[in-house]
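Below is work.cif, holding mmCIF, C-alpha atoms and all ligand atoms.
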```cif
data_final
#
loop_
_atom_site.group_PDB
_atom_site.id
_atom_site.type_symbol
_atom_site.label_atom_id
_atom_site.label_comp_id
_atom_site.auth_asym_id
_atom_site.auth_seq_id
_atom_site.Cartn_x
_atom_site.Cartn_y
_atom_site.Cartn_z
ATOM 1 C CA MET I 1 -30.656 3.364 7.275
ATOM 2 C CA GLU I 2 -30.560 4.704 3.738
ATOM 3 C CA PHE I 3 -28.814 2.014 1.707
ATOM 4 C CA LEU I 4 -29.133 -1.132 3.825
ATOM 5 C CA LEU I 5 -32.157 -3.261 4.700
ATOM 6 C CA LEU I 6 -31.989 -5.141 7.995
ATOM 7 C CA THR I 7 -34.297 -8.040 8.863
ATOM 8 C CA PRO I 8 -33.289 -9.200 12.363
ATOM 9 C CA GLN I 9 -35.182 -12.533 12.201
ATOM 10 C CA ALA I 10 -35.302 -13.471 8.505
ATOM 11 C CA ARG I 11 -35.220 -17.055 9.735
ATOM 12 C CA PRO I 12 -35.139 -18.205 13.380
ATOM 13 C CA GLY I 13 -31.816 -16.943 14.764
ATOM 14 C CA VAL I 14 -30.728 -15.681 11.339
ATOM 15 C CA ALA I 15 -30.601 -11.979 10.409
ATOM 16 C CA LEU I 16 -30.463 -10.675 6.863
ATOM 17 C CA LEU I 17 -28.576 -7.599 5.664
ATOM 18 C CA GLN I 18 -29.408 -6.532 2.132
ATOM 19 C CA LEU I 19 -27.345 -3.923 0.314
ATOM 20 C CA ASN I 20 -29.830 -1.606 -1.297
ATOM 21 C CA ARG I 21 -28.359 0.730 -3.928
ATOM 22 C CA PRO I 22 -29.638 -1.267 -6.907
ATOM 23 C CA LYS I 23 -29.240 1.492 -9.522
ATOM 24 C CA GLU I 24 -25.547 1.819 -8.641
ATOM 25 C CA LEU I 25 -25.075 -1.976 -8.516
ATOM 26 C CA ASN I 26 -24.670 -1.632 -4.736
ATOM 27 C CA ALA I 27 -21.485 0.409 -5.093
ATOM 28 C CA LEU I 28 -20.072 0.749 -1.600
ATOM 29 C CA ASN I 29 -20.107 4.423 -0.740
ATOM 30 C CA ARG I 30 -18.992 5.641 2.671
ATOM 31 C CA GLN I 31 -22.551 5.811 4.021
ATOM 32 C CA LEU I 32 -23.307 2.194 3.069
ATOM 33 C CA MET I 33 -20.099 0.946 4.697
ATOM 34 C CA LEU I 34 -20.943 2.857 7.898
ATOM 35 C CA GLU I 35 -24.430 1.342 7.842
ATOM 36 C CA ILE I 36 -23.026 -2.182 7.449
ATOM 37 C CA ARG I 37 -20.632 -1.555 10.328
ATOM 38 C CA ASP I 38 -23.387 -0.184 12.596
ATOM 39 C CA ALA I 39 -25.836 -2.956 11.705
ATOM 40 C CA LEU I 40 -23.234 -5.648 12.468
ATOM 41 C CA GLN I 41 -22.435 -4.018 15.786
ATOM 42 C CA GLN I 42 -26.150 -4.043 16.648
ATOM 43 C CA LEU I 43 -26.480 -7.702 15.583
ATOM 44 C CA ASP I 44 -23.377 -8.725 17.555
ATOM 45 C CA GLU I 45 -25.112 -7.428 20.693
ATOM 46 C CA ASP I 46 -28.477 -9.065 19.906
ATOM 47 C CA GLU I 47 -28.528 -12.489 21.588
ATOM 48 C CA THR I 48 -31.505 -13.649 19.517
ATOM 49 C CA VAL I 49 -29.306 -13.468 16.397
ATOM 50 C CA ARG I 50 -26.923 -16.384 15.894
ATOM 51 C CA VAL I 51 -25.852 -15.970 12.258
ATOM 52 C CA VAL I 52 -26.023 -13.127 9.736
ATOM 53 C CA VAL I 53 -26.527 -13.457 5.989
ATOM 54 C CA ILE I 54 -25.409 -10.530 3.843
ATOM 55 C CA THR I 55 -26.620 -10.200 0.282
ATOM 56 C CA GLY I 56 -27.251 -7.795 -2.586
ATOM 57 C CA ASN I 57 -29.662 -8.569 -5.401
ATOM 58 C CA GLU I 58 -29.656 -10.915 -8.383
ATOM 59 C CA ARG I 59 -27.695 -8.503 -10.596
ATOM 60 C CA ALA I 60 -25.067 -7.391 -8.102
ATOM 61 C CA PHE I 61 -23.753 -8.281 -4.701
ATOM 62 C CA ALA I 62 -21.632 -5.103 -4.960
ATOM 63 C CA ALA I 63 -19.718 -3.648 -7.925
ATOM 64 C CA GLY I 64 -16.985 -2.201 -5.730
ATOM 65 C CA ALA I 65 -16.187 0.958 -3.861
ATOM 66 C CA ASP I 66 -18.080 3.959 -5.213
ATOM 67 C CA ILE I 67 -15.823 5.188 -8.008
ATOM 68 C CA LYS I 68 -17.780 8.438 -8.440
ATOM 69 C CA GLN I 69 -17.295 9.258 -4.761
ATOM 70 C CA MET I 70 -13.540 8.576 -4.985
ATOM 71 C CA ALA I 71 -12.748 10.020 -8.411
ATOM 72 C CA ASP I 72 -11.513 13.458 -7.306
ATOM 73 C CA LYS I 73 -9.970 12.497 -3.957
ATOM 74 C CA THR I 74 -6.317 13.166 -3.153
ATOM 75 C CA ALA I 75 -4.080 10.813 -1.177
ATOM 76 C CA ILE I 76 -4.470 13.071 1.862
ATOM 77 C CA ASP I 77 -8.284 13.036 1.477
ATOM 78 C CA MET I 78 -8.094 9.234 1.455
ATOM 79 C CA LEU I 79 -5.828 9.233 4.509
ATOM 80 C CA ILE I 80 -8.207 11.487 6.438
ATOM 81 C CA ILE I 81 -11.383 9.663 5.372
ATOM 82 C CA ASP I 82 -9.597 6.372 6.162
ATOM 83 C CA GLN I 83 -12.034 4.442 4.001
ATOM 84 C CA PHE I 84 -10.961 1.081 5.348
ATOM 85 C CA SER I 85 -11.227 1.760 9.079
ATOM 86 C CA THR I 86 -14.866 0.613 8.885
ATOM 87 C CA TRP I 87 -13.693 -2.626 7.222
ATOM 88 C CA GLU I 88 -11.527 -3.423 10.241
ATOM 89 C CA GLN I 89 -14.613 -3.219 12.435
ATOM 90 C CA ILE I 90 -16.592 -5.433 10.058
ATOM 91 C CA ARG I 91 -13.773 -7.966 10.159
ATOM 92 C CA ARG I 92 -14.095 -8.151 13.939
ATOM 93 C CA PHE I 93 -17.753 -9.254 13.812
ATOM 94 C CA LYS I 94 -17.926 -12.167 16.228
ATOM 95 C CA LYS I 95 -20.827 -14.187 14.825
ATOM 96 C CA PRO I 96 -20.751 -16.146 11.574
ATOM 97 C CA LEU I 97 -21.316 -13.977 8.512
ATOM 98 C CA ILE I 98 -22.475 -15.758 5.374
ATOM 99 C CA GLY I 99 -22.401 -14.005 2.011
ATOM 100 C CA ALA I 100 -25.163 -14.816 -0.495
ATOM 101 C CA VAL I 101 -23.685 -13.583 -3.761
ATOM 102 C CA SER I 102 -25.335 -13.180 -7.135
ATOM 103 C CA GLY I 103 -24.102 -11.150 -10.106
ATOM 104 C CA PHE I 104 -21.149 -8.807 -9.675
ATOM 105 C CA ALA I 105 -18.836 -9.085 -6.676
ATOM 106 C CA LEU I 106 -16.079 -6.761 -7.834
ATOM 107 C CA GLY I 107 -13.349 -4.750 -6.182
ATOM 108 C CA GLY I 108 -14.605 -3.760 -2.749
ATOM 109 C CA GLY I 109 -17.596 -6.057 -3.415
ATOM 110 C CA CYS I 110 -15.302 -9.047 -3.793
ATOM 111 C CA GLU I 111 -13.396 -7.878 -0.722
ATOM 112 C CA LEU I 112 -16.608 -7.574 1.273
ATOM 113 C CA ALA I 113 -17.551 -11.094 0.156
ATOM 114 C CA MET I 114 -14.148 -12.309 1.316
ATOM 115 C CA THR I 115 -14.650 -10.842 4.795
ATOM 116 C CA CYS I 116 -17.575 -13.286 5.094
ATOM 117 C CA ASP I 117 -16.910 -16.605 6.780
ATOM 118 C CA MET I 118 -18.640 -18.615 4.063
ATOM 119 C CA LEU I 119 -20.071 -17.836 0.643
ATOM 120 C CA VAL I 120 -23.023 -19.210 -1.260
ATOM 121 C CA ALA I 121 -23.054 -18.045 -4.884
ATOM 122 C CA SER I 122 -25.617 -18.124 -7.646
ATOM 123 C CA GLU I 123 -24.487 -19.562 -10.985
ATOM 124 C CA THR I 124 -24.403 -15.991 -12.337
ATOM 125 C CA ALA I 125 -21.977 -14.647 -9.738
ATOM 126 C CA GLN I 126 -18.744 -13.103 -10.981
ATOM 127 C CA PHE I 127 -15.805 -12.297 -8.738
ATOM 128 C CA GLY I 128 -13.037 -9.903 -9.633
ATOM 129 C CA GLN I 129 -10.554 -7.274 -8.511
ATOM 130 C CA PRO I 130 -10.698 -4.845 -11.447
ATOM 131 C CA GLU I 131 -9.055 -1.879 -9.625
ATOM 132 C CA ILE I 132 -5.989 -2.232 -11.870
ATOM 133 C CA ARG I 133 -8.132 -1.037 -14.789
ATOM 134 C CA LEU I 134 -8.774 2.185 -12.856
ATOM 135 C CA GLY I 135 -5.053 2.781 -12.341
ATOM 136 C CA THR I 136 -5.151 1.680 -8.734
ATOM 137 C CA MET I 137 -5.166 -1.585 -6.787
ATOM 138 C CA PRO I 138 -7.276 -3.377 -4.163
ATOM 139 C CA GLY I 139 -7.187 -1.721 -0.741
ATOM 140 C CA GLY I 140 -9.806 -3.606 1.283
ATOM 141 C CA GLY I 141 -7.873 -6.839 1.712
ATOM 142 C CA GLY I 142 -8.103 -7.935 -1.934
ATOM 143 C CA THR I 143 -4.431 -8.761 -2.354
ATOM 144 C CA GLN I 144 -4.141 -10.498 1.019
ATOM 145 C CA ARG I 145 -7.403 -12.427 1.391
ATOM 146 C CA LEU I 146 -7.568 -13.427 -2.249
ATOM 147 C CA ALA I 147 -4.003 -14.781 -2.194
ATOM 148 C CA ARG I 148 -4.761 -16.744 0.968
ATOM 149 C CA ALA I 149 -8.061 -18.039 -0.451
ATOM 150 C CA VAL I 150 -7.024 -19.014 -3.979
ATOM 151 C CA GLY I 151 -3.216 -19.102 -3.931
ATOM 152 C CA LYS I 152 -0.624 -16.801 -5.457
ATOM 153 C CA ALA I 153 -0.951 -17.635 -9.163
ATOM 154 C CA LYS I 154 -4.712 -17.119 -9.418
ATOM 155 C CA ALA I 155 -4.651 -14.063 -7.138
ATOM 156 C CA MET I 156 -1.874 -12.444 -9.212
ATOM 157 C CA GLU I 157 -3.787 -13.098 -12.415
ATOM 158 C CA MET I 158 -6.993 -11.581 -11.060
ATOM 159 C CA VAL I 159 -5.316 -8.556 -9.459
ATOM 160 C CA LEU I 160 -2.941 -7.787 -12.359
ATOM 161 C CA THR I 161 -5.373 -8.340 -15.251
ATOM 162 C CA GLY I 162 -8.624 -7.365 -13.548
ATOM 163 C CA GLU I 163 -10.322 -10.372 -15.152
ATOM 164 C CA PHE I 164 -13.384 -11.821 -13.471
ATOM 165 C CA ILE I 165 -13.896 -15.445 -12.516
ATOM 166 C CA SER I 166 -17.202 -17.306 -12.655
ATOM 167 C CA ALA I 167 -19.023 -18.723 -9.651
ATOM 168 C CA GLU I 168 -18.000 -22.235 -10.642
ATOM 169 C CA GLU I 169 -14.337 -21.284 -10.910
ATOM 170 C CA ALA I 170 -14.593 -19.440 -7.582
ATOM 171 C CA ARG I 171 -15.888 -22.668 -6.038
ATOM 172 C CA ARG I 172 -13.151 -24.722 -7.658
ATOM 173 C CA VAL I 173 -10.374 -22.452 -6.370
ATOM 174 C CA GLY I 174 -11.810 -22.353 -2.857
ATOM 175 C CA LEU I 175 -13.340 -18.878 -2.682
ATOM 176 C CA VAL I 176 -16.937 -20.075 -2.501
ATOM 177 C CA ASN I 177 -18.572 -22.909 -0.557
ATOM 178 C CA ARG I 178 -21.573 -23.654 -2.763
ATOM 179 C CA VAL I 179 -22.920 -22.674 -6.180
ATOM 180 C CA VAL I 180 -26.658 -23.008 -6.856
ATOM 181 C CA PRO I 181 -29.140 -21.832 -9.513
ATOM 182 C CA VAL I 182 -29.946 -18.137 -9.327
ATOM 183 C CA GLY I 183 -33.394 -18.632 -7.828
ATOM 184 C CA GLN I 184 -31.948 -20.524 -4.871
ATOM 185 C CA TYR I 185 -28.856 -18.733 -3.600
ATOM 186 C CA LEU I 186 -30.562 -16.898 -0.746
ATOM 187 C CA GLU I 187 -32.480 -19.992 0.409
ATOM 188 C CA GLU I 188 -29.272 -22.018 0.264
ATOM 189 C CA ALA I 189 -27.509 -19.363 2.367
ATOM 190 C CA TYR I 190 -30.362 -19.553 4.887
ATOM 191 C CA ARG I 191 -30.013 -23.347 4.946
ATOM 192 C CA LEU I 192 -26.300 -23.070 5.695
ATOM 193 C CA ALA I 193 -27.006 -20.346 8.279
ATOM 194 C CA ALA I 194 -29.661 -22.500 9.971
ATOM 195 C CA SER I 195 -27.259 -25.413 10.330
ATOM 196 C CA VAL I 196 -24.772 -23.119 12.125
ATOM 197 C CA ALA I 197 -27.524 -21.388 14.136
ATOM 198 C CA ALA I 198 -28.482 -24.822 15.491
ATOM 199 C CA MET I 199 -25.120 -25.109 17.281
ATOM 200 C CA SER I 200 -24.033 -23.641 20.616
ATOM 201 C CA PRO I 201 -23.363 -19.931 19.991
ATOM 202 C CA VAL I 202 -20.506 -20.016 22.513
ATOM 203 C CA ALA I 203 -18.769 -22.873 20.705
ATOM 204 C CA VAL I 204 -19.439 -21.243 17.318
ATOM 205 C CA ARG I 205 -17.866 -17.993 18.456
ATOM 206 C CA LEU I 206 -14.758 -19.691 19.847
ATOM 207 C CA ALA I 207 -14.398 -21.867 16.741
ATOM 208 C CA LYS I 208 -14.794 -18.953 14.305
ATOM 209 C CA ASP I 209 -12.154 -17.034 16.213
ATOM 210 C CA ALA I 210 -9.763 -19.993 16.033
ATOM 211 C CA VAL I 211 -10.247 -20.662 12.294
ATOM 212 C CA ASN I 212 -9.683 -16.966 11.519
ATOM 213 C CA ARG I 213 -6.383 -17.078 13.379
ATOM 214 C CA ALA I 214 -5.130 -19.647 10.880
ATOM 215 C CA PHE I 215 -4.942 -16.788 8.368
ATOM 216 C CA GLU I 216 -3.568 -14.177 10.688
ATOM 217 C CA THR I 217 -0.737 -15.751 12.619
ATOM 218 C CA HIS I 218 1.925 -18.453 12.516
ATOM 219 C CA LEU I 219 1.179 -22.092 13.307
ATOM 220 C CA GLU I 220 2.484 -22.190 16.880
ATOM 221 C CA GLU I 221 0.450 -19.176 17.994
ATOM 222 C CA GLY I 222 -2.601 -20.450 16.086
ATOM 223 C CA LEU I 223 -2.388 -23.835 17.798
ATOM 224 C CA HIS I 224 -1.962 -22.111 21.162
ATOM 225 C CA LEU I 225 -5.071 -19.981 20.559
ATOM 226 C CA GLU I 226 -7.008 -23.038 19.382
ATOM 227 C CA ARG I 227 -6.119 -24.968 22.528
ATOM 228 C CA ARG I 228 -7.070 -22.026 24.764
ATOM 229 C CA ASN I 229 -10.449 -21.633 23.054
ATOM 230 C CA TYR I 230 -11.018 -25.391 23.281
ATOM 231 C CA TYR I 231 -10.286 -25.421 27.024
ATOM 232 C CA LEU I 232 -12.446 -22.297 27.429
ATOM 233 C CA SER I 233 -15.386 -24.123 25.830
ATOM 234 C CA PHE I 234 -15.244 -26.477 28.835
ATOM 235 C CA ALA I 235 -16.313 -23.564 31.030
ATOM 236 C CA SER I 236 -19.632 -23.275 29.184
ATOM 237 C CA GLU I 237 -22.932 -24.818 30.219
ATOM 238 C CA ASP I 238 -23.454 -25.608 26.541
ATOM 239 C CA ARG I 239 -20.412 -27.892 26.476
ATOM 240 C CA LYS I 240 -21.767 -29.830 29.500
ATOM 241 C CA GLU I 241 -25.182 -29.984 27.871
ATOM 242 C CA GLY I 242 -23.739 -31.100 24.510
ATOM 243 C CA MET I 243 -21.833 -34.018 26.008
ATOM 244 C CA ALA I 244 -24.658 -34.972 28.404
ATOM 245 C CA ALA I 245 -27.128 -34.989 25.500
ATOM 246 C CA PHE I 246 -24.836 -37.262 23.504
ATOM 247 C CA VAL I 247 -24.554 -39.722 26.402
ATOM 248 C CA GLU I 248 -28.309 -39.582 27.071
ATOM 249 C CA LYS I 249 -29.102 -39.961 23.352
ATOM 250 C CA ARG I 250 -31.171 -36.774 23.078
ATOM 251 C CA LYS I 251 -30.944 -33.412 21.317
ATOM 252 C CA PRO I 252 -28.979 -30.744 23.190
ATOM 253 C CA GLU I 253 -30.682 -27.565 24.313
ATOM 254 C CA TRP I 254 -28.253 -24.671 24.024
ATOM 255 C CA LYS I 255 -28.368 -21.768 26.454
ATOM 256 C CA GLY I 256 -25.640 -19.656 24.879
ATOM 257 C CA ARG I 257 -23.824 -19.655 28.200
HETATM 258 N N1 LIG I 301 -18.983 2.895 -8.367
HETATM 259 C C1 LIG I 301 -19.918 3.796 -8.715
HETATM 260 N N2 LIG I 301 -20.900 3.530 -9.589
HETATM 261 C C2 LIG I 301 -20.918 2.303 -10.161
HETATM 262 C C3 LIG I 301 -19.957 1.333 -9.839
HETATM 263 C C4 LIG I 301 -18.954 1.661 -8.896
HETATM 264 N N3 LIG I 301 -18.030 0.776 -8.479
HETATM 265 N N4 LIG I 301 -20.224 0.217 -10.547
HETATM 266 C C5 LIG I 301 -21.320 0.486 -11.293
HETATM 267 N N5 LIG I 301 -21.743 1.745 -11.060
HETATM 268 C C6 LIG I 301 -22.887 2.447 -11.670
HETATM 269 C C7 LIG I 301 -22.602 2.837 -13.099
HETATM 270 O O1 LIG I 301 -21.865 4.056 -13.142
HETATM 271 C C8 LIG I 301 -23.992 2.975 -13.642
HETATM 272 O O2 LIG I 301 -24.525 4.214 -13.220
HETATM 273 P P1 LIG I 301 -25.231 5.216 -14.284
HETATM 274 O O3 LIG I 301 -26.425 4.446 -14.770
HETATM 275 O O4 LIG I 301 -25.591 6.400 -13.447
HETATM 276 O O5 LIG I 301 -24.243 5.471 -15.350
HETATM 277 C C9 LIG I 301 -24.747 1.869 -12.935
HETATM 278 O O6 LIG I 301 -23.986 1.541 -11.763
HETATM 279 C C10 LIG I 301 -24.897 0.606 -13.770
HETATM 280 O O7 LIG I 301 -23.616 0.228 -14.215
HETATM 281 P P2 LIG I 301 -23.238 -0.041 -15.770
HETATM 282 O O8 LIG I 301 -24.123 0.776 -16.649
HETATM 283 O O9 LIG I 301 -21.749 0.148 -15.920
HETATM 284 O O10 LIG I 301 -23.648 -1.571 -15.894
HETATM 285 P P3 LIG I 301 -23.009 -2.673 -16.868
HETATM 286 O O11 LIG I 301 -23.872 -3.876 -16.725
HETATM 287 O O12 LIG I 301 -22.774 -2.123 -18.216
HETATM 288 O O13 LIG I 301 -21.557 -2.997 -16.246
HETATM 289 C C11 LIG I 301 -19.999 -3.510 -14.469
HETATM 290 C C12 LIG I 301 -21.468 -3.571 -14.959
HETATM 291 C C13 LIG I 301 -19.108 -4.399 -15.305
HETATM 292 C C14 LIG I 301 -20.020 -3.997 -13.023
HETATM 293 C C15 LIG I 301 -19.517 -2.024 -14.521
HETATM 294 O O14 LIG I 301 -20.472 -1.187 -13.913
HETATM 295 C C16 LIG I 301 -18.201 -1.795 -13.836
HETATM 296 O O15 LIG I 301 -17.156 -2.104 -14.385
HETATM 297 N N6 LIG I 301 -18.220 -1.221 -12.609
HETATM 298 C C17 LIG I 301 -17.033 -0.895 -11.866
HETATM 299 C C18 LIG I 301 -16.366 -2.100 -11.263
HETATM 300 C C19 LIG I 301 -15.081 -1.700 -10.556
HETATM 301 O O16 LIG I 301 -14.154 -1.212 -11.160
HETATM 302 N N7 LIG I 301 -15.013 -1.913 -9.210
HETATM 303 C C20 LIG I 301 -13.859 -1.571 -8.413
HETATM 304 C C21 LIG I 301 -14.063 -0.219 -7.753
HETATM 305 S S1 LIG I 301 -12.628 0.390 -6.889
HETATM 306 C C22 LIG I 301 -12.584 -0.460 -5.426
HETATM 307 O O17 LIG I 301 -13.450 -1.237 -5.142
HETATM 308 C C23 LIG I 301 -11.416 -0.147 -4.505
HETATM 309 C C24 LIG I 301 -11.310 -1.062 -3.316
HETATM 310 O O18 LIG I 301 -10.384 -1.863 -3.214
HETATM 311 C C25 LIG I 301 -12.253 -0.963 -2.221
#
```

Taking this structure as input, can you express it in the form of structure tokens?
Amino acid sequence: MEFLLLTPQARPGVALLQLNRPKELNALNRQLMLEIRDALQQLDEDETVRVVVITGNERAFAAGADIKQMADKTAIDMLIIDQFSTWEQIRRFKKPLIGAVSGFALGGGCELAMTCDMLVASETAQFGQPEIRLGTMPGGGGTQRLARAVGKAKAMEMVLTGEFISAEEARRVGLVNRVVPVGQYLEEAYRLAASVAAMSPVAVRLAKDAVNRAFETHLEEGLHLERRNYYLSFASEDRKEGMAAFVEKRKPEWKGR
């Protein structure tokens, strides 16, 4: 891979993906998006990996889609390239994806952060959808996920003015789980990842699927899906083990089956 570093076991059961176009502030060109998609597909199939952390560097998580690559494209070029088809595949990643964000998370970078299941930010992180300043608008879920995450008023303000919000404000409005000093954001993301990696991977997968449905469907269908996944968890050996371990006052040993 040219623009992405993959460490399959950065911590036990936890893989790390690091965007690696530092000079371009990790601008998301087509190649990098394809590499993220392919890496996630590989990690979804790797049973030794329970959780994935995705990060950039201290200065930038990602400063958006690659403007230089897009500048001379026509609408038909965009239609044929179908820039966001890779994003759909990233969205379908089945294991928990935790974003460790420092510096700029702008445009497509903010959208990539919002496809994560949880976010740990450094105090220096800035989130924004500045596409409006380029005469365009978000296209990678920025209007939809941001509105669902922070509500209409804040989302409108960010999308229509292009203004950035700080890590602390992002935490306050519900975009980010935790904010920590810049030297600690990756470690904190690993800590969060480890606490999820310690759970049954079957239960984690079913639960992630159910929570995501809350943002994709109406309440009745979401509740139906939740109930089905809950009943399905009773087919797993891990569920038997989890309840037996509770009764026997010991730690469960998950098999992932
Ligand atoms: N695409 C391509 N290159 C980018 C880039 C981007 N999104 N963001 C930064 N870069 C490049 C700069 O061109 C510069 O390269 P050169 O040294 O070759 O000139 C390098 O990264 C460093 O950037 P700056 O010199 O601009 O750094 P700065 O600290 O002065 O400013 C910044 C940082 C505020 C993030 C500024 O770079 C910026 O505004 N970037 C663009 C942000 C943006 O508009 N993102 C949205 C893109 S569109 C999109 O994402 C559509 C979508 O919905 C998917």

Of the residues I:Arg91, I:Arg133, I:Arg191, I:Arg30, which is the one nearest to ligand LIG 301 (chain I), using all atoms listed in the file?
->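 Of the candidates, the smallest distance to ligand LIG 301 (chain I) is held by I:Arg133.
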
Name the residues that the PyMOL selection byres (((not hetatm)) within 10 of (chain I and resi 301)) picks from the file above, as a PyMOL selection string, using the file's chain letters and numbers.
-> chain I and resi 21-29+59-60+62-71+83-84+87+103-112+126+128-143+162+164

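Counting all atoms listed in the file and comparing I:Ser102, I:Thr217, I:Thr55, I:Gln42, the residue that lies closest to Asn20 of chain I is I:Thr55.
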
Between atom CA of Ile98 of chain I and atom CA of Thr115 of chain I, measure the distance and give it in Å to one decimal.
-> 9.3 Å

Take the PyMOL selection byres (((chain I and resi 94) around 10) and not hetatm), apply it to the structure above, and return the hits as a list in words.
->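 Here the PyMOL selection byres (((chain I and resi 94) around 10) and not hetatm) matches Leu40, Gln41, Leu43, Asp44, Glu45, Arg50, Val51, Ile90, Arg91, Arg92, Phe93, Lys95, Pro96, Leu97, Val204, Arg205, Leu206, Lys208 and Asp209 of chain I.
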
Sorted by chain and rising residue number, list the residues of segment 111-211 of chain I at most 10 Å from segment 6-15 of chain I (counting all atoms listed in the file), each with its closest atom pair and distance in Å to one decimal, as a tab-separated table.
```
residue	atom	partner	partner_atom	distance
I:Tyr190	CA	I:Arg11	CA	7.3
I:Arg191	CA	I:Arg11	CA	9.5
I:Ala193	CA	I:Val14	CA	6.7
I:Ala194	CA	I:Val14	CA	7.0
I:Val196	CA	I:Val14	CA	9.6
I:Ala197	CA	I:Gly13	CA	6.2
I:Ala198	CA	I:Gly13	CA	8.6
```

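Considering the residues I:Ala210, I:Arg178, I:Arg37, I:Asp72 and counting only C-alpha atoms, Gly99 of chain I has its shortest atom-to-atom contact with I:Arg178.
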
Expand the PyMOL selection byres (((chain I and resi 179) around 7) and not hetatm) into the explicit residue set it covers here, and present it as a PDB file with C-alpha atoms, in the frame of the given file.
```pdb
ATOM      1  CA  VAL I 120     -23.023 -19.210  -1.260  1.00  0.00           C
ATOM      2  CA  ALA I 121     -23.054 -18.045  -4.884  1.00  0.00           C
ATOM      3  CA  SER I 122     -25.617 -18.124  -7.646  1.00  0.00           C
ATOM      4  CA  GLU I 123     -24.487 -19.562 -10.985  1.00  0.00           C
ATOM      5  CA  ALA I 167     -19.023 -18.723  -9.651  1.00  0.00           C
ATOM      6  CA  GLU I 168     -18.000 -22.235 -10.642  1.00  0.00           C
ATOM      7  CA  ARG I 178     -21.573 -23.654  -2.763  1.00  0.00           C
ATOM      8  CA  VAL I 180     -26.658 -23.008  -6.856  1.00  0.00           C
TER       9      VAL I 180
END
```

Work out how far atom CA of Ala113 of chain I is from atom CA of Phe61 of chain I, in Å to one decimal.
-> 8.4 Å

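Minimum atom-to-atom distances from I:Met118, I:Ser85, I:Thr124, I:Leu232 to Val211 of chain I were compared using all atoms listed in the file, and the lowest value belongs to I:Met118.
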
Quick one: of I:Leu146, I:Leu17, I:Leu192, I:Glu241, who's nearest to Gly56 of chain I, counting only C-alpha atoms?
->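 Of all the options, I:Leu17 lies closest to Gly56 of chain I.
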
Mind pulling up the distance from atom CA of Ile54 of chain I to atom CA of Lys251 of chain I?
->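 Computing the Euclidean distance for atom CA of Lys251 of chain I and atom CA of Ile54 of chain I yields 29.3 Å.
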
Quick one: residues within 8 Å of Val150 of chain I, only C-alpha atoms counted, chain neighbours fewer than 2 positions away excluded, as a ChimeraX atom specification?
-> /I:146-148,152,154-155,173-175

Kindly indicate which residue among I:Gly222, I:Gly183, I:Gly256, I:Gly242 lies nearest to Asn57 of chain I, using only C-alpha atoms for the distances.
->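 Ranked by minimum distance to Asn57 of chain I, first place goes to I:Gly183.
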
From the block you just saw, export segment 88-121 of chain I: C-alpha atoms, as a short mmCIF file (atom, residue, chain, number, x, y, z; two decimals), in the first residue's frame.
```cif
data_model
loop_
_atom_site.label_atom_id
_atom_site.label_comp_id
_atom_site.auth_asym_id
_atom_site.auth_seq_id
_atom_site.Cartn_x
_atom_site.Cartn_y
_atom_site.Cartn_z
CA GLU I 88 -20.33 2.54 1.08
CA GLN I 89 -18.03 -0.45 1.48
CA ILE I 90 -16.20 1.20 4.38
CA ARG I 91 -19.54 1.86 6.04
CA ARG I 92 -20.32 -1.86 5.90
CA PHE I 93 -17.24 -2.82 7.95
CA LYS I 94 -18.57 -5.26 10.53
CA LYS I 95 -16.10 -4.81 13.39
CA PRO I 96 -15.85 -1.72 15.59
CA LEU I 97 -13.88 1.10 13.99
CA ILE I 98 -12.47 3.72 16.33
CA GLY I 99 -11.13 7.00 14.99
CA ALA I 100 -8.14 8.58 16.77
CA VAL I 101 -8.26 12.16 15.54
CA SER I 102 -5.72 14.92 15.95
CA GLY I 103 -5.46 18.17 13.99
CA PHE I 104 -7.62 18.67 10.91
CA ALA I 105 -10.64 16.47 10.24
CA LEU I 106 -12.20 18.43 7.40
CA GLY I 107 -14.58 17.69 4.57
CA GLY I 108 -14.07 14.07 3.60
CA GLY I 109 -11.80 13.78 6.67
CA CYS I 110 -14.66 14.73 8.96
CA GLU I 111 -16.91 12.38 7.01
CA LEU I 112 -14.41 9.55 7.36
CA ALA I 113 -14.25 10.25 11.10
CA MET I 114 -18.04 10.10 11.24
CA THR I 115 -18.10 6.66 9.60
CA CYS I 116 -16.19 5.47 12.69
CA ASP I 117 -18.21 3.97 15.51
CA MET I 118 -16.46 6.01 18.18
CA LEU I 119 -14.00 8.89 18.18
CA VAL I 120 -11.16 9.82 20.49
CA ALA I 121 -9.81 13.31 19.76
#
```
